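Asks: What follows is protein_28.cif, made up of mmCIF, C-alpha atoms:
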```
data_coords
#
loop_
_atom_site.group_PDB
_atom_site.id
_atom_site.type_symbol
_atom_site.label_atom_id
_atom_site.label_comp_id
_atom_site.auth_asym_id
_atom_site.auth_seq_id
_atom_site.Cartn_x
_atom_site.Cartn_y
_atom_site.Cartn_z
ATOM 1 C CA MET R 1 -33.670 -78.540 21.220
ATOM 2 C CA LYS R 2 -34.140 -78.654 17.433
ATOM 3 C CA LYS R 3 -35.978 -75.346 17.528
ATOM 4 C CA LEU R 4 -33.203 -73.745 19.546
ATOM 5 C CA LEU R 5 -30.582 -75.097 17.149
ATOM 6 C CA PHE R 6 -32.626 -73.849 14.197
ATOM 7 C CA VAL R 7 -32.928 -70.366 15.768
ATOM 8 C CA ILE R 8 -29.177 -70.299 16.557
ATOM 9 C CA ILE R 9 -28.300 -71.301 12.968
ATOM 10 C CA LEU R 10 -30.755 -68.751 11.605
ATOM 11 C CA LEU R 11 -29.266 -66.082 13.881
ATOM 12 C CA LEU R 12 -25.709 -66.994 12.830
ATOM 13 C CA VAL R 13 -26.673 -66.852 9.137
ATOM 14 C CA ALA R 14 -28.311 -63.453 9.696
ATOM 15 C CA ILE R 15 -25.208 -62.159 11.498
ATOM 16 C CA LEU R 16 -22.981 -63.556 8.740
ATOM 17 C CA MET R 17 -25.161 -61.890 6.113
ATOM 18 C CA ALA R 18 -25.152 -58.580 8.003
ATOM 19 C CA VAL R 19 -21.386 -58.612 8.452
ATOM 20 C CA THR R 20 -20.678 -59.516 4.830
ATOM 21 C CA VAL R 21 -22.919 -56.933 3.143
ATOM 22 C CA PRO R 22 -20.693 -55.388 0.452
ATOM 23 C CA GLU R 23 -19.960 -51.680 0.498
ATOM 24 C CA LYS R 24 -21.178 -49.258 -2.164
ATOM 25 C CA GLN R 25 -17.655 -49.121 -3.670
ATOM 26 C CA LYS R 26 -17.721 -52.870 -4.277
ATOM 27 C CA HIS R 27 -21.010 -52.418 -6.152
ATOM 28 C CA LYS R 28 -19.401 -49.724 -8.328
ATOM 29 C CA GLU R 29 -16.420 -51.935 -9.082
ATOM 30 C CA ALA R 30 -18.614 -54.897 -10.039
ATOM 31 C CA MET R 31 -20.791 -52.717 -12.258
ATOM 32 C CA MET R 32 -17.777 -51.142 -13.950
ATOM 33 C CA GLU R 33 -16.408 -54.609 -14.674
ATOM 34 C CA ALA R 34 -19.739 -55.601 -16.223
ATOM 35 C CA VAL R 35 -19.827 -52.371 -18.239
ATOM 36 C CA LYS R 36 -16.285 -52.959 -19.504
ATOM 37 C CA GLU R 37 -17.182 -56.495 -20.587
ATOM 38 C CA PHE R 38 -20.312 -55.261 -22.320
ATOM 39 C CA VAL R 39 -18.498 -52.409 -24.093
ATOM 40 C CA ASP R 40 -15.727 -54.778 -25.213
ATOM 41 C CA GLU R 41 -18.261 -57.240 -26.649
ATOM 42 C CA GLU R 42 -20.289 -54.531 -28.380
ATOM 43 C CA ALA R 43 -17.201 -52.821 -29.814
ATOM 44 C CA ASP R 44 -15.838 -56.120 -31.145
ATOM 45 C CA GLU R 45 -19.182 -56.975 -32.755
ATOM 46 C CA ARG R 46 -19.776 -53.564 -34.317
ATOM 47 C CA ILE R 47 -16.393 -51.988 -34.973
ATOM 48 C CA GLY R 48 -13.652 -54.535 -34.598
ATOM 49 C CA ASP R 49 -10.533 -54.177 -32.485
ATOM 50 C CA ASN R 50 -8.601 -51.055 -33.450
ATOM 51 C CA VAL R 51 -7.327 -47.834 -31.917
ATOM 52 C CA LEU R 52 -10.584 -45.924 -32.515
ATOM 53 C CA SER R 53 -12.704 -48.594 -30.904
ATOM 54 C CA ASN R 54 -10.346 -48.678 -27.903
ATOM 55 C CA LEU R 55 -10.618 -44.909 -27.636
ATOM 56 C CA GLY R 56 -14.419 -45.137 -27.892
ATOM 57 C CA LYS R 57 -14.507 -47.863 -25.256
ATOM 58 C CA GLY R 58 -12.500 -45.673 -22.904
ATOM 59 C CA VAL R 59 -14.861 -42.745 -23.395
ATOM 60 C CA VAL R 60 -17.954 -44.886 -22.783
ATOM 61 C CA VAL R 61 -16.476 -46.519 -19.686
ATOM 62 C CA LYS R 62 -15.351 -43.177 -18.260
ATOM 63 C CA THR R 63 -18.787 -41.648 -18.923
ATOM 64 C CA VAL R 64 -20.547 -44.534 -17.186
ATOM 65 C CA GLU R 65 -18.116 -44.317 -14.290
ATOM 66 C CA LEU R 66 -18.802 -40.587 -13.845
ATOM 67 C CA ALA R 67 -22.548 -41.232 -14.015
ATOM 68 C CA LEU R 68 -22.299 -43.982 -11.396
ATOM 69 C CA ASN R 69 -20.238 -41.765 -9.096
ATOM 70 C CA SER R 70 -22.841 -39.014 -9.184
ATOM 71 C CA LYS R 71 -26.157 -40.890 -9.493
ATOM 72 C CA LEU R 72 -25.711 -44.265 -7.801
ATOM 73 C CA LYS R 73 -27.790 -44.671 -4.640
ATOM 74 C CA GLU R 74 -27.776 -47.515 -2.124
ATOM 75 C CA ASN R 75 -30.515 -49.208 -0.115
ATOM 76 C CA ASN R 76 -29.189 -51.103 2.890
ATOM 77 C CA TYR R 77 -31.502 -53.835 4.214
ATOM 78 C CA TYR R 78 -28.936 -55.004 6.825
ATOM 79 C CA LEU R 79 -28.823 -58.586 5.487
ATOM 80 C CA PHE R 80 -28.251 -57.458 1.898
ATOM 81 C CA ASN R 81 -28.143 -54.219 -0.036
ATOM 82 C CA THR R 82 -29.085 -52.937 -3.477
ATOM 83 C CA THR R 83 -27.958 -50.075 -5.636
ATOM 84 C CA TYR R 84 -30.093 -48.118 -8.068
ATOM 85 C CA VAL R 85 -30.200 -45.033 -10.234
ATOM 86 C CA ARG R 86 -33.209 -42.829 -10.983
ATOM 87 C CA LEU R 87 -34.049 -42.861 -14.708
ATOM 88 C CA LYS R 88 -37.059 -40.950 -16.038
ATOM 89 C CA GLY R 89 -38.616 -40.739 -12.593
ATOM 90 C CA GLU R 90 -38.207 -44.450 -11.840
ATOM 91 C CA ASP R 91 -35.663 -46.203 -9.655
ATOM 92 C CA GLN R 92 -33.769 -48.741 -11.753
ATOM 93 C CA MET R 93 -32.052 -51.404 -9.646
ATOM 94 C CA LEU R 94 -28.535 -52.168 -10.853
ATOM 95 C CA SER R 95 -27.094 -54.640 -8.378
ATOM 96 C CA VAL R 96 -27.709 -56.732 -5.276
ATOM 97 C CA GLY R 97 -25.048 -57.315 -2.624
ATOM 98 C CA LEU R 98 -25.234 -60.485 -0.524
ATOM 99 C CA LEU R 99 -22.651 -62.466 1.483
ATOM 100 C CA GLY R 100 -19.770 -60.329 0.234
ATOM 101 C CA LYS R 101 -20.734 -60.806 -3.436
ATOM 102 C CA VAL R 102 -22.288 -58.323 -5.842
ATOM 103 C CA PHE R 103 -24.696 -59.538 -8.486
ATOM 104 C CA THR R 104 -25.052 -56.995 -11.266
ATOM 105 C CA PHE R 105 -27.644 -56.339 -13.928
ATOM 106 C CA ASP R 106 -27.659 -58.565 -16.952
ATOM 107 C CA LYS R 107 -26.165 -57.525 -20.273
ATOM 108 C CA GLN R 108 -29.544 -57.494 -22.004
ATOM 109 C CA MET R 109 -30.794 -54.841 -19.605
ATOM 110 C CA LEU R 110 -27.671 -52.810 -20.332
ATOM 111 C CA ARG R 111 -28.268 -53.194 -24.087
ATOM 112 C CA ASP R 112 -31.877 -52.087 -23.619
ATOM 113 C CA LYS R 113 -30.873 -49.059 -21.554
ATOM 114 C CA LEU R 114 -28.170 -48.156 -24.062
ATOM 115 C CA ALA R 115 -30.689 -48.459 -26.916
ATOM 116 C CA GLU R 116 -33.142 -46.288 -24.944
ATOM 117 C CA ALA R 117 -30.439 -43.689 -24.371
ATOM 118 C CA VAL R 118 -29.510 -43.656 -28.068
ATOM 119 C CA LYS R 119 -33.183 -43.408 -29.058
ATOM 120 C CA ALA R 120 -33.761 -40.594 -26.563
ATOM 121 C CA LYS R 121 -30.720 -38.767 -27.932
ATOM 122 C CA GLU R 122 -31.960 -39.207 -31.514
ATOM 123 C CA GLU R 123 -35.446 -38.005 -30.531
ATOM 124 C CA ALA R 124 -33.956 -34.992 -28.780
ATOM 125 C CA ALA R 125 -31.870 -34.203 -31.874
ATOM 126 C CA SER R 126 -34.948 -34.648 -34.061
ATOM 127 C CA GLU R 127 -37.003 -32.373 -31.808
ATOM 128 C CA LYS R 128 -34.192 -29.822 -31.818
ATOM 129 C CA GLU R 129 -34.033 -29.920 -35.630
ATOM 130 C CA ALA R 130 -37.821 -29.597 -35.838
ATOM 131 C CA ALA R 131 -37.678 -26.616 -33.479
ATOM 132 C CA LYS R 132 -34.970 -25.020 -35.621
ATOM 133 C CA ALA R 133 -37.015 -25.636 -38.778
ATOM 134 C CA SER R 134 -40.075 -24.179 -37.091
ATOM 135 C CA GLU R 135 -38.068 -21.155 -35.981
ATOM 136 C CA ARG R 136 -36.705 -20.667 -39.528
ATOM 137 C CA GLU R 137 -40.232 -20.903 -40.947
ATOM 138 C CA LEU R 138 -41.500 -18.411 -38.377
ATOM 139 C CA LYS R 139 -38.705 -15.976 -39.266
ATOM 140 C CA ARG R 140 -39.483 -16.409 -42.972
ATOM 141 C CA LEU R 141 -43.173 -15.720 -42.365
ATOM 142 C CA GLN R 142 -42.350 -12.682 -40.231
ATOM 143 C CA LYS R 143 -40.051 -11.387 -42.980
ATOM 144 C CA GLU R 144 -42.784 -11.870 -45.582
ATOM 145 C CA GLN R 145 -45.270 -10.114 -43.288
ATOM 146 C CA ARG R 146 -42.925 -7.145 -42.852
ATOM 147 C CA LYS R 147 -42.405 -7.031 -46.632
ATOM 148 C CA ARG R 148 -46.185 -7.039 -47.244
ATOM 149 C CA GLU R 149 -46.652 -4.336 -44.617
ATOM 150 C CA LYS R 150 -43.989 -2.180 -46.299
ATOM 151 C CA GLU R 151 -45.601 -2.725 -49.694
ATOM 152 C CA LEU R 152 -49.017 -1.796 -48.271
ATOM 153 C CA GLU R 153 -47.529 1.276 -46.610
ATOM 154 C CA LYS R 154 -45.829 2.248 -49.857
ATOM 155 C CA GLU R 155 -49.090 1.752 -51.784
ATOM 156 C CA GLN R 156 -50.968 3.800 -49.181
ATOM 157 C CA LYS R 157 -48.451 6.640 -49.513
ATOM 158 C CA ARG R 158 -48.718 6.489 -53.321
ATOM 159 C CA ARG R 159 -52.498 6.707 -53.122
ATOM 160 C CA GLU R 160 -52.329 9.600 -50.667
ATOM 161 C CA LYS R 161 -49.886 11.400 -52.972
ATOM 162 C CA GLU R 162 -52.188 10.843 -55.960
ATOM 163 C CA ALA R 163 -55.174 12.003 -53.904
ATOM 164 C CA ARG R 164 -53.302 15.205 -52.921
ATOM 165 C CA LYS R 165 -52.366 15.787 -56.569
ATOM 166 C CA GLU R 166 -55.958 15.247 -57.618
ATOM 167 C CA GLN R 167 -57.148 17.582 -54.861
ATOM 168 C CA LYS R 168 -54.710 20.296 -55.987
ATOM 169 C CA ARG R 169 -55.782 19.816 -59.618
ATOM 170 C CA ARG R 170 -59.438 20.185 -58.662
ATOM 171 C CA GLU R 171 -58.697 23.235 -56.519
ATOM 172 C CA LYS R 172 -56.751 24.801 -59.395
ATOM 173 C CA GLU R 173 -59.527 23.960 -61.815
ATOM 174 C CA ALA R 174 -62.107 25.387 -59.391
ATOM 175 C CA ARG R 175 -60.066 28.618 -59.051
ATOM 176 C CA GLN R 176 -59.798 28.851 -62.840
ATOM 177 C CA GLN R 177 -63.529 28.327 -63.194
ATOM 178 C CA GLN R 178 -64.120 30.935 -60.460
ATOM 179 C CA LYS R 179 -61.856 33.407 -62.266
ATOM 180 C CA GLU R 180 -63.620 32.582 -65.528
ATOM 181 C CA ARG R 181 -67.029 33.265 -63.927
ATOM 182 C CA GLU R 182 -65.745 36.471 -62.374
ATOM 183 C CA ARG R 183 -64.425 37.611 -65.803
ATOM 184 C CA GLU R 184 -67.700 36.657 -67.430
ATOM 185 C CA ALA R 185 -69.599 38.515 -64.728
ATOM 186 C CA ARG R 186 -67.417 41.655 -65.230
ATOM 187 C CA ARG R 187 -67.802 41.410 -68.951
ATOM 188 C CA GLN R 188 -71.567 41.166 -68.631
ATOM 189 C CA GLU R 189 -71.540 44.173 -66.272
ATOM 190 C CA LYS R 190 -69.549 46.182 -68.810
ATOM 191 C CA GLU R 191 -71.994 45.264 -71.503
ATOM 192 C CA LYS R 192 -74.915 46.384 -69.371
ATOM 193 C CA LYS R 193 -73.363 49.747 -68.830
#
```
The structure in this file should be written as structure tokens.
Replies:
Amino acid sequence: MKKLLFVIILLLVAILMAVTVPEKQKHKEAMMEAVKEFVDEEADERIGDNVLSNLGKGVVVKTVELALNSKLKENNYYLFNTTYVRLKGEDQMLSVGLLGKVFTFDKQMLRDKLAEAVKAKEEAASEKEAAKASERELKRLQKEQRKREKELEKEQKRREKEARKEQKRREKEARQQQKEREREARRQEKEKK
């Protein structure tokens, strides 16, 4: 009898758990509430309460909400469910739904993920700046190379021009010497006669 009662109670608890599994929308609402609390705390600690911080809070909350709408996935285990997002190839669990309640991630995890996101953004900006600097350096080196090539080409043309001049001078000198020999030869022939 005790075993039967135990099985009946266990079955009723399982049915209760299955019937009260929260929907995905309830997970989103609970997470957005946690995000709003976190953003409010962080903004008060860092910036203070003013119009700009309220505007910044709204932007952050809206961004997170859009991300949750597009990336949030749900695992339903019939007695409870979980939600997760895929970050850097890993599934990161965000909440657990059980008996109509949603238990969300802790604030420290959110701080860590926010710090990771900021660091990743800074690293991406740093890499982008390094790529730009590398590209500028490459362009500078290419420009210098083109300048050297033009100078070498100019020098080559100058040398060719000088060589042609020298060749013409030698040819002229050779013709003059030939004429001089021919004159000398004619003069010697006249003297022989």
Asks: Produce the centre coordinates and the three edge lengths, each in Å to one decimal, of the box along x, y and z that contains all listed atoms of segment 142-161 of chain R with 6 Å added on each side, as lines of an AutoDock Vina configuration file.
Replies:
```
center_x = -46.3
center_y = -0.6
center_z = -46.8
size_x = 24.4
size_y = 36.1
size_z = 25.1
```
Asks: Smallest atom-to-atom distance to Ala14 of chain R: which of R:Tyr78, R:Ala174, R:Glu160, R:Met32, using all atoms listed in the file?
Replies: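 The shortest atom-to-atom distance to Ala14 of chain R comes from R:Tyr78.
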Asks: Find the distance between atom CA of Glu29 of chain R and atom CA of Asn75 of chain R and write it in Å to one decimal.
Replies: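 Going from atom CA of Glu29 of chain R over to atom CA of Asn75 of chain R covers 16.9 Å.
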Asks: Residues within 7 Å of segment 100-104 of chain R, please, as a list in words. Count all atoms listed in the file; anything in the same chain fewer than 2 positions from it doesn't count.
Replies: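 What passes the distance filter is Thr20, Val21, Pro22, His27, Ala30, Met31, Leu94, Ser95, Val96, Gly97, Leu98 and Asp106 of chain R.
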Asks: I'd like to know which of R:Tyr77, R:Phe105, R:Phe6, R:Tyr84 is closest to Phe38 of chain R, using all atoms listed in the file.
Replies: R:Phe105
Asks: What's around Val13 of chain R at 12 Å? Count all atoms listed in the file, leave out sequence neighbours fewer than 4 positions away in its own chain, and write the answer as a PyMOL selection string.
Replies: chain R and resi 6-9+17-20+79-80+98-99
Asks: Just give me the gap between atom CA of Val85 of chain R and atom CA of Leu72 of chain R in Å, one decimal is fine.
Replies: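 Atom-to-atom, atom CA of Val85 of chain R and atom CA of Leu72 of chain R are spaced 5.2 Å apart.
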Asks: What separation in Å, quoted to one decimal, exists between atom CA of Leu16 of chain R and atom CA of Asn76 of chain R?
Replies: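 Interatomic distance, atom CA of Leu16 of chain R to atom CA of Asn76 of chain R: 15.1 Å.
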